[in-house]
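Q: Please see the structure below; I have some questions.
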Amino acid sequence: MKRFFLSAMALCAVAVAMADTIDVKRFTYAGPYLVRAPYMVDSVDVNSAPYNVKSMLDAPLSLDLLDGGTPFEGGALPNVGEGNALHLLSFTVQVEEYAKVNLNISGISDYRLFINGEGRSAGEIAFSPSTNKIIIKYLSDAQRNDTISVTLDCEKEGAVLLREDGCRDFSISDVLDGTSIAGATLSPNGKYMIVTYRTTHKGGQTSSVSKVKEVASGKVVAQSSDYLQWMPKSNRYYYTRRAVEGYELVTVDPATATETVLVKNLPSGYFRFAPTEDYLLFSLSKAGPAERKEIYEVLEPDDRQPGWRNRSYIARFNLSDGIMQPLTFGYHNSWAMDISADGRYMLFMTSKSRLTERPTSLFSLHTIDVTTMEVQTLVKDDGFISDARFSPDGKQILVKGSPESFDGIGNIVPEGKFPNMFDYQLFIMDVASRKVKPVTKEFNPSVQQMVWSSDGNIYFTAENRDYVSLHRMNPVNGRIEQLPASEELVSNISVAASAPQMVYYGQSAMNPQRLYLLNTRKGKQQLLEDTADEKLAGVKLGECIDWNFLSSRGDTIYGRYYLPPNFDASRKYPMVVNYYGGCSPTSRYFSSRYPHHLYAALGYVVYVVQPSGASGFGQEFGSRHVNSAGEGPADDIIEGTKRFCAEHSFVDAKKIGCIGASYGGFMTQYLQTKTDIFAAAISHAGISDHTSYWGEGYWGYSYSEVSMARSYPWSHKELYVDRSPLYNADKIHTPILFLHGDVDTNVPVGESIQMFTALKLLGRETAMVLVNGQDHHILDYGKYIQWQNTIFAWFAKWLKDDASWWNDIYKPKAL
């Protein structure tokens with residue numbers, strides 16, 4: 001058996017791979033911490049047990065003390081001149097692939113072992129690929145001289161390394177745990193801001209806190225676990241709290257911390273302040289007629305959804321007299337969009353169903369004078385509008401919708417094609433004349449959040465290829481300029497009502513969230529907070545590099561790739577290909593459903609490709625998602641993968657995997673019917689039969705309005721049948737894993753079951769893993785970890801020729 005002794009390593013570089021056994025010689029040490037026996041009131045405790053000096057090991061001692069520790073070269077352990085003391089020793093192990101390791105500790109008898117902060121027992125330990133901090137807490141005795149020996153035995157040569165650079169690889173806990181920004185809003189005068197943080201603790205529990213900060217100094221003047229919001233103009237914030245006789249609405253002056261109870265016995269429900277601060281606008285719901293539980297009628301496809309029969313309505317709550325005045329009534333839903341600056345008019349939408357024609361949901365846009373109850377209908381039965389805002393003077397309306405809104409005045413796709421309904425555009429309506437102007441008709445990015453500011457400008461974020469960029473529009477001349485946001489994905493913006501200031505937060509492919517202040521007049525910005533300071537302390541990431549290619553069809557197909565943290569261009573790496581699920585691009589989120597940096601940390605090159613059909617690339621490009629049933633996008637993925645391998649010699653072209661979810665899960669299956677370039681594939685919640693998904697999923701028929709516009713199973717067999725993977729199952733020879741939440745209401749689990757069944761009957765390599773109690777997304781903390789490990793184990797089996805992880809999770813069974 002070979003033996004390896006750790007030598008010095010360069011900063012953030014992993015040691016040379018060892019053979020079967022590691023003899024640990026260098027540690028980080030903290031101590032000694034003197035502990036003494038208690039005064040013996042009695043000879044035994046309440047359980048009649050005598051005192052045991054080893055119980056001193058259970059005395060709380062922060063493992064973080066090692067952060068200020070000193071190097072220890074091994075040999076005789078430190079001691080104290082008399083009595084007992086606690087000591088901490090640590091070293092770091094880098095596990096390159098799933099491995100079972102025998103951790104042997106000798107020379108000391110009284111110790112506790114911790115791996116990544118969790119108590120463990122020495123002996124055989126199964127490690128997934130990761131960086132692991134090993135801590136030994138031991139108890140010394142002045143009468144005894146201890147000499148520690150630690151060895152690591154592993155059957156897989158080179159699977160385990162010692163690491164002392166102070167760095168670690170990105171891990172699944174970095175994806176799940178830690179604090180993120182959940183909201184940031186400016187006070188009307190721009191002097192204060194409320195930042196809401198959400199923390200996910202190890203194990204899955206979450207907590208939230210809102211902090212009120214001075215913008216100039218960053219000083220926290222108040223914080224609360226309550227949800228804090230700004231009043232529209234008075235520079236006070238408000239929250240609700242439970243009182244003796246119900247809820248109270250409380251406002252607070254951030255400068256003095258003076259509280260005022262504005263409303264006692266506040267009605268329940270979601271509300272917003274009117275800009276004039278004299279009334280609240282409530283969004284309420286009325287329960288619809290109930291059915292028997294044991295046998296029940298379904299009125300229409302959407303009636304399967306819980307709560308579909310309930311109807312929303314709007315009410316005005318006067319702060320002066322406490323009267324709640326319903327503003328809308330009926331069996332159609334109505335919901336508020338905006339309130340005019342003078343508080344007089346409310347902008348709201350109503351909806352109705354029309355199943356016999358696309359679009360099957362129709363929306364109408366109205367204004368109501370909240371004092372006279374006079375209503376004007378501005379837009380009637382337009383199924384393509386989605387949002388609306390008043391201009392500061394109330395004379396115009398900013399409307400967001402797909403290019404087909406307003407009879408297609410913003411539609412520029414070629415004749416015979418349908419725009420992508422998720423490619424959102426902006427329109428401005430003059431209230432008096434009802435004339436509508438498409439203002440982003442030639443603007444390729446897809447509009448997301450929008451604000452018509454009191455400075456007269458429209459600020460908005462937009463899906464800009466795989467970025468989300470920040471823009472400003474002059475509504476008078478229609479000029480659009482991109483503002484200098486420092487992040488690749490701008491998540492949220494808040495504009496001060498009476499100051500040229502904006503706060504926004506966002507993230508990029510190489511960093512988690514950051515919070516910024518932007519002077520909208522001067523264009524200067526300031527970094528206020530960087531969550532990476534805490535979240536990624538000591539983490540070494542691989543590079544993320546843009547890579548685009550000109551397809552054989554003449555399109556620029558955008559993409560990017562991620563490299564392992566200790567990338568060596570002379571090696572051959574397996575590769576994982578990821579693509580969009582739905583019709584939005586695979587955005588540059590630092591962490592996502594498939595955290596690309598985590599795959600890279602496991603030793604994969606990750607190629608993210610943005611095939612045709614994705615929104616944010618222009619109307620024509622996005623329209624290719626519609627009535628293609630994957631045909632064009634699949635060609636782009638295949639061509640991109642082949643071209644990437646040809647141009648990057650560090651990729652092992654025989655070890656390529658692919659993964660996608662939802663529509664991306666369908667794409668995974670569909671790709672295997674068209675090519676054999678993939679050595680393994682994973683379909684999460686994928687569509688295998690367009691016809692069954694169309695009829696069974698909660699949103700099957702309505703999503704088909706997007707992807708199969710005016711095409712139906714009975715009219716377009718070439719789309720629904722010929723391009724469904726199920727009817728081409730015999731063409732699949734790639735090992736494919738089907739993952740699915742077993743209560744998925746979006747893509748029912750039967751979509752995976754029927755494809756899994758087909759491949760089983762065909763004798764092909766396949767597996768299916770269902771996640772109990774999970775819907776379309778795997779949200780449960782513990783189940784998410786198991787789900788991700790299943791993905792990693794499947795790829796390790798087929799892309800690294802190592803089935804040990806998979807076989808340990810899903811032990812082979814003789815049936």
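By order of appearance in the structure tokens: chains A, B, ..., then residues from 1 within every chain, and ligands from 1 in the order shown.
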Using only C-alpha atoms, which residues sit within 12 Å of A:Asn84 once same-chain residues fewer than 6 positions away are excluded, as a PyMOL selection string?
A: chain A and resi 31-37+53-57+78+110+138-145
Q: Might you pull out every residue within 7 Å of stretch 508-514 of chain A, with only C-alpha atoms counted and same-chain residues fewer than 2 positions away left off, and present them as a count of residues only?
A: 15
Q: I need the residues in stretch 594-732 of chain A that are strand (DSSP E or B) according to DSSP; give them as a ChimeraX atom specification.
A: /A:605-609,651-661,680-684
Q: Suppose you want the space between atom CA of A:Ile687 and atom CA of A:Thr673; what is it in Å?
A: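 Atom-to-atom, atom CA of A:Ile687 to atom CA of A:Thr673, that is 13.8 Å.
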Q: Can you tell me, as a PyMOL selection string, what residues are no more than 12 Å from A:Thr356 when counting only C-alpha atoms, ignoring any on the same chain fewer than 6 positions away?
A: chain A and resi 300+362+701-702+705+710+712
Q: Of the residues A:Lys202, A:Lys441, A:His648, A:Lys25, which is the one nearest to A:Gly782, using only C-alpha atoms?
A: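 For A:Gly782, the nearest of the given residues is A:Lys202.
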Q: Would you mind telling me which residue in A:Met373, A:Ala537, A:Ile339, A:Leu113 lies nearest to A:Gly166 when using only C-alpha atoms?
A: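 Going through A:Met373, A:Ala537, A:Ile339, A:Leu113 one by one, the smallest distance to A:Gly166 is for A:Ala537.
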Q: Please compute the atom CA of A:Met337-atom CA of A:Leu299 distance, one decimal, in Å.
A: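 The value is 28.6 Å.
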Q: Find the residues of stretch 434-548 of chain A that sit at most 10 Å from stretch 213-237 of chain A; for each, write down the nearest two atoms and how far apart they are in Å, to one decimal. Count only C-alpha atoms. Sort by chain, then by number going up, and give it as CSV.
A:
```
residue,atom,partner,partner_atom,distance
A:Ala496,CA,A:Lys233,CA,9.7
A:Ala497,CA,A:Lys233,CA,7.4
A:Ser498,CA,A:Lys233,CA,8.5
A:Val503,CA,A:Val215,CA,9.6
A:Leu517,CA,A:Val215,CA,8.3
A:Leu528,CA,A:Gly218,CA,7.7
A:Glu529,CA,A:Gly218,CA,9.4
```
Q: For A:Asn189, which residue among A:Val399, A:Val495, A:Ile409, A:Val721 is the nearest when counting only C-alpha atoms?
A: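 Ranking A:Val399, A:Val495, A:Ile409, A:Val721 by distance to A:Asn189, first place goes to A:Val495.
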Q: Just list the residues in stretch 379-587 of chain A DSSP gives helix (DSSP H, G or I) on the backbone, as a tab-separated table (two decimals) with N, CA and C atoms, in the first residue's frame.
A:
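Result file out-v9.tsv:
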```tsv
chain	number	residue	atom	x	y	z
A	405	SER	N	-50.76	41.78	-28.85
A	405	SER	CA	-51.68	42.70	-28.17
A	405	SER	C	-52.18	43.76	-29.14
A	406	PHE	N	-53.38	44.27	-28.88
A	406	PHE	CA	-53.98	45.35	-29.69
A	406	PHE	C	-53.99	44.99	-31.18
A	407	ASP	N	-54.50	43.78	-31.45
A	407	ASP	CA	-54.64	43.31	-32.82
A	407	ASP	C	-53.31	43.22	-33.57
A	408	GLY	N	-52.24	43.00	-32.81
A	408	GLY	CA	-50.95	42.73	-33.44
A	408	GLY	C	-50.22	43.94	-33.95
A	532	ALA	N	-21.69	37.90	-1.57
A	532	ALA	CA	-20.60	36.95	-1.74
A	532	ALA	C	-19.58	37.05	-0.62
A	533	ASP	N	-19.49	38.22	0.03
A	533	ASP	CA	-18.51	38.39	1.11
A	533	ASP	C	-18.67	37.31	2.17
A	534	GLU	N	-19.92	36.95	2.45
A	534	GLU	CA	-20.17	35.90	3.43
A	534	GLU	C	-20.45	34.56	2.77
A	535	LYS	N	-21.26	34.60	1.73
A	535	LYS	CA	-21.75	33.35	1.13
A	535	LYS	C	-20.64	32.55	0.45
```
Q: Which residue is closest to A:Asn477? Choose from A:Asn444, A:Val439, A:Asn52, A:Ser649 and count only C-alpha atoms.
A: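 Of the candidates, the smallest distance to A:Asn477 is held by A:Val439.
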Q: Give the answer as one residue: which of A:Thr520, A:Glu404, A:Ala793, A:Met708 has the shortest atom-to-atom distance to A:Gly456, using only C-alpha atoms?
A: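 Ranking A:Thr520, A:Glu404, A:Ala793, A:Met708 by distance to A:Gly456, first place goes to A:Thr520.
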